[in-house]
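Below is the file model38.cif, which contains mmCIF, C-alpha atoms.
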data_run
loop_
_atom_site.label_atom_id
_atom_site.label_comp_id
_atom_site.auth_asym_id
_atom_site.auth_seq_id
_atom_site.Cartn_x
_atom_site.Cartn_y
_atom_site.Cartn_z
CA MET A 563 0.00 0.00 0.00
CA ASN A 564 1.51 3.27 -1.04
CA HIS A 565 1.45 6.55 0.83
CA MET A 566 -1.49 8.07 -1.14
CA GLU A 567 -3.71 5.01 -0.60
CA ARG A 568 -3.01 5.13 3.13
CA ILE A 569 -3.95 8.83 3.28
CA GLU A 570 -7.18 8.16 1.35
CA ARG A 571 -8.04 5.29 3.65
CA GLU A 572 -7.45 7.45 6.72
CA LYS A 573 -9.65 10.18 5.23
CA VAL A 574 -12.45 7.66 4.79
CA ILE A 575 -12.04 6.49 8.39
CA VAL A 576 -12.05 10.08 9.68
CA ARG A 577 -15.15 10.88 7.60
CA ASP A 578 -16.93 7.76 8.92
CA VAL A 579 -16.04 8.62 12.52
CA ASP A 580 -17.22 12.22 12.02
CA GLU A 581 -20.49 10.95 10.55
CA TYR A 582 -20.94 8.52 13.44
CA LEU A 583 -20.27 11.26 16.02
CA ALA A 584 -22.76 13.60 14.33
CA ILE A 585 -25.43 10.88 14.39
CA LYS A 586 -24.63 10.10 18.03
CA ASP A 587 -24.91 13.82 18.94
CA GLN A 588 -28.32 13.98 17.26
CA TYR A 589 -29.42 10.83 19.09
CA ASP A 590 -28.21 12.16 22.44
CA PHE A 591 -29.97 15.48 21.84
CA ARG A 592 -33.25 13.75 20.97
CA LYS A 593 -32.94 11.48 23.98
CA LYS A 594 -32.40 14.45 26.30
CA GLU A 595 -35.31 16.26 24.68
CA GLN A 596 -37.56 13.22 25.16
CA MET A 597 -36.43 12.82 28.77
CA TYR A 598 -37.21 16.49 29.42
CA LYS A 599 -40.68 16.14 27.89
CA GLN A 600 -41.40 13.05 30.00
CA TRP A 601 -40.13 14.73 33.18
CA ASN A 602 -42.10 17.88 32.42
CA LYS A 603 -45.29 15.87 31.84
CA HIS A 604 -44.99 13.45 34.78
CA VAL A 605 -43.21 15.55 37.43
CA PHE A 606 -43.19 19.30 36.83
CA LEU A 607 -46.72 19.83 35.52
CA PRO A 608 -48.47 17.82 38.27
CA ILE A 609 -46.59 19.77 40.94
CA GLN A 610 -47.16 23.05 39.11
CA GLN A 611 -50.89 22.33 38.90
CA GLN A 612 -51.09 21.68 42.63
CA ILE A 613 -49.34 24.97 43.37
CA HIS A 614 -51.46 26.85 40.84
CA ARG A 615 -54.69 25.56 42.41
CA GLN A 616 -53.55 26.90 45.79
CA LEU A 617 -52.30 30.23 44.45
CA HIS A 618 -55.36 30.79 42.29
CA VAL A 619 -57.63 31.18 45.34
CA ILE A 620 -55.37 33.65 47.19
CA PRO A 621 -55.57 37.27 46.07
CA VAL A 622 -52.23 38.79 45.06
CA SER A 623 -52.77 41.62 47.54
CA GLU A 624 -52.95 39.11 50.39
CA ILE A 625 -49.72 37.41 49.28
CA GLU A 626 -47.96 40.78 49.08
CA LYS A 627 -49.31 41.77 52.50
CA LYS A 628 -47.97 38.57 54.12
CA ARG A 629 -44.61 38.95 52.41
CA ARG A 630 -44.26 42.60 53.47
CA LYS A 631 -45.16 41.65 57.05
CA GLN A 632 -42.45 38.94 57.08
CA PHE A 633 -39.86 41.32 55.60
CA GLN A 634 -40.75 43.98 58.13
CA GLU A 635 -40.48 41.53 61.01
CA TYR A 636 -37.02 40.49 59.79
CA LEU A 637 -35.92 44.12 59.44
CA ASP A 638 -37.23 45.02 62.90
CA VAL A 639 -35.32 42.16 64.52
CA SER A 640 -32.19 43.00 62.48
CA ASN A 641 -32.32 46.64 63.60
CA ARG A 642 -32.87 45.62 67.22
CA LYS A 643 -29.90 43.23 67.15
CA GLN A 644 -27.38 45.51 65.40
CA GLY A 645 -23.86 44.21 65.72
CA GLN A 646 -25.05 40.72 66.62
CA GLY A 647 -26.81 39.88 63.39
CA VAL A 648 -29.82 37.75 62.59
CA PHE A 649 -29.18 34.53 60.81
CA ARG A 650 -31.87 32.62 58.98
CA ASP A 651 -30.04 29.31 59.44
CA ILE A 652 -29.56 29.75 63.21
CA ILE A 653 -32.96 29.95 64.82
CA ILE A 654 -33.39 31.48 68.25
CA GLU A 655 -37.15 31.37 68.58
CA SER A 656 -37.28 34.02 71.28
CA ASP A 657 -35.56 36.50 68.91
CA TYR A 658 -36.74 35.57 65.45
CA ASP A 659 -38.19 32.41 63.96
CA PRO A 660 -38.22 32.50 60.14
CA LEU A 661 -40.14 29.21 60.11
CA ARG A 662 -43.08 30.50 62.15
CA SER A 663 -45.08 31.08 58.99
CA ARG A 664 -44.30 27.59 57.71
CA SER A 665 -47.93 26.50 58.16
CA GLN A 666 -48.90 29.11 55.57
CA TYR A 667 -46.49 27.82 52.92
CA LEU A 668 -47.87 26.27 49.78
CA GLN A 669 -47.77 22.52 50.00
CA TYR A 670 -47.75 19.85 47.35
CA THR A 671 -47.45 16.11 47.38
CA THR A 672 -45.17 13.93 45.31
CA LYS A 673 -46.58 10.68 46.65
CA HIS A 674 -48.12 9.58 43.35
CA ILE A 675 -45.48 11.12 41.11
CA ARG A 676 -43.12 8.72 39.38
CA ASP A 677 -40.06 10.46 38.01
CA PRO A 678 -39.26 8.92 34.62
CA LEU A 679 -35.63 9.95 35.05
CA LYS A 680 -35.44 7.66 38.08
CA ALA A 681 -37.03 4.66 36.37
CA ASP A 682 -33.83 2.63 36.57
CA LEU A 683 -33.47 3.34 40.30
CA ASP A 684 -37.13 2.52 40.89
CA ARG A 685 -36.67 -0.76 39.05
CA ILE A 686 -33.65 -1.65 41.23
CA VAL A 687 -35.61 -0.88 44.42
CA PHE A 688 -38.54 -2.92 43.11
CA GLU A 689 -36.31 -5.89 42.26
CA LYS A 690 -34.62 -5.74 45.68
CA SER A 691 -38.02 -5.69 47.39
CA ILE A 692 -39.02 -8.81 45.44
CA THR A 693 -35.76 -10.52 46.32
CA ASN A 694 -36.06 -9.55 50.00
CA SER A 695 -39.66 -10.72 50.09
CA PHE A 696 -38.69 -14.02 48.50
CA ASN A 697 -35.72 -14.52 50.84
CA GLN A 698 -37.79 -13.71 53.95
CA THR A 699 -40.59 -16.01 52.86
CA ARG A 700 -38.23 -18.79 51.86
CA SER A 701 -36.39 -18.76 55.16
CA THR A 702 -39.55 -18.77 57.30
CA ALA A 703 -42.07 -20.69 55.18
CA PRO A 704 -42.44 -24.44 55.25
CA ILE A 705 -41.00 -26.25 52.26
CA ASN A 706 -44.44 -27.27 50.95
CA CYS A 707 -45.87 -23.77 51.00
CA ASN A 708 -48.47 -22.58 48.52
CA LEU A 709 -47.42 -19.66 46.30
CA SER A 710 -50.56 -17.76 47.28
CA GLN A 711 -49.15 -17.64 50.84
CA VAL A 712 -46.00 -15.82 49.76
CA ARG A 713 -46.08 -12.19 50.82
CA GLN A 714 -46.12 -10.08 47.70
CA PRO A 715 -44.25 -6.73 47.55
CA ARG A 716 -46.23 -3.60 46.73
CA LEU A 717 -46.22 -2.94 43.04
CA HIS A 718 -45.75 0.58 41.73
CA LYS A 719 -47.16 1.57 38.38
CA ARG A 720 -44.44 2.71 36.05
CA PRO A 721 -45.25 5.19 33.33
CA ALA A 722 -45.25 3.84 29.81
CA THR A 723 -42.05 4.62 27.96
#

Full structure transcribed into structure tokens:
Amino acid sequence: MNHMERIEREKVIVRDVDEYLAIKDQYDFRKKEQMYKQWNKHVFLPIQQQIHRQLHVIPVSEIEKKRRKQFQEYLDVSNRKQGQGVFRDIIIESDYDPLRSRSQYLQYTTKHIRDPLKADLDRIVFEKSITNSFNQTRSTAPINCNLSQVRQPRLHKRPAT
């Protein structure tokens, strides 16, 4: 093989690798885009809807009033404790408790939300629960046990992929 043939062959290899990398980049981009859409649909939007339902019934003026009251309380305590400082991560309830209004915070539940980005982790947990259930049953059950007597793990619905 002469020098020119070797150069041509290397050019073909480089072109093939470049083409492969471009296709892989497109695939990775589409996969990320699909993962984002799934996460948005199954995680973000359900949480956002819960928050929206709560916010929708509270007038903006009331929210602003509560916020101004909390800011003013913080400023009053800060001015009273000049030189000592008020820290939001160190709570001295007799001076200032930033968590006092916690009961008024918006709340949402993630109990029924299945994050599609954690599907692999959920599957591992599920498989371990089956294995643990089987091992516990096997070690305590009589040898001639009926399968209907085996304690079944809780099944979680997984979103369709």

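The spacing separating CA of Pro660 in chain A from CA of His614 in chain A amounts to 24.1 Å.
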
Nearest candidate to His618 in chain A (options A:Lys631, A:Leu668, A:Ile692, A:Leu583; using only C-alpha atoms) = A:Leu668

Excluding same-chain residues fewer than 5 positions from Tyr598 in chain A, what lies within 9 Å of it counting all atoms listed in the file, as a PDB file with C-alpha atoms, in the coordinates of the input?
ATOM      1  CA  LYS A 593     -32.940  11.480  23.980  1.00  0.00           C
ATOM      2  CA  LYS A 603     -45.290  15.870  31.840  1.00  0.00           C
ATOM      3  CA  LEU A 679     -35.630   9.950  35.050  1.00  0.00           C
TER       4      LEU A 679
END

Translate the PyMOL selection byres ((chain A and resi 659) around 12) into a concrete residue list for this structure, as a PDB file with C-alpha atoms, in the frame of the given file.
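Dumped to selection17.pdb:
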ATOM      1  CA  GLN A 632     -42.450  38.940  57.080  1.00  0.00           C
ATOM      2  CA  GLU A 635     -40.480  41.530  61.010  1.00  0.00           C
ATOM      3  CA  TYR A 636     -37.020  40.490  59.790  1.00  0.00           C
ATOM      4  CA  VAL A 639     -35.320  42.160  64.520  1.00  0.00           C
ATOM      5  CA  VAL A 648     -29.820  37.750  62.590  1.00  0.00           C
ATOM      6  CA  PHE A 649     -29.180  34.530  60.810  1.00  0.00           C
ATOM      7  CA  ARG A 650     -31.870  32.620  58.980  1.00  0.00           C
ATOM      8  CA  ASP A 651     -30.040  29.310  59.440  1.00  0.00           C
ATOM      9  CA  ILE A 652     -29.560  29.750  63.210  1.00  0.00           C
ATOM     10  CA  ILE A 653     -32.960  29.950  64.820  1.00  0.00           C
ATOM     11  CA  ILE A 654     -33.390  31.480  68.250  1.00  0.00           C
ATOM     12  CA  GLU A 655     -37.150  31.370  68.580  1.00  0.00           C
ATOM     13  CA  SER A 656     -37.280  34.020  71.280  1.00  0.00           C
ATOM     14  CA  ASP A 657     -35.560  36.500  68.910  1.00  0.00           C
ATOM     15  CA  TYR A 658     -36.740  35.570  65.450  1.00  0.00           C
ATOM     16  CA  PRO A 660     -38.220  32.500  60.140  1.00  0.00           C
ATOM     17  CA  LEU A 661     -40.140  29.210  60.110  1.00  0.00           C
ATOM     18  CA  ARG A 662     -43.080  30.500  62.150  1.00  0.00           C
ATOM     19  CA  SER A 663     -45.080  31.080  58.990  1.00  0.00           C
ATOM     20  CA  ARG A 664     -44.300  27.590  57.710  1.00  0.00           C
TER      21      ARG A 664
END

Between CA of His604 in chain A and CA of His674 in chain A, what is the distance, to one decimal in Å?
->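 Computed distance, CA of His604 in chain A to CA of His674 in chain A, equals 9.9 Å.
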
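When the PyMOL selection byres ((chain A and resi 605) around 12) is run on the displayed coordinates, the residues it returns are Met597, Tyr598, Lys599, Gln600, Trp601, Asn602, Lys603, His604, Phe606, Leu607, Pro608, Ile609, Gln610, Gln611, Gln612, Tyr670, Thr671, Thr672, Lys673, His674, Ile675, Arg676, Asp677, Pro678, Leu679, Lys680 and Pro721 of chain A.
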
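Atom to atom, CA of Lys627 in chain A and CA of Gln666 in chain A stand 13.0 Å apart.
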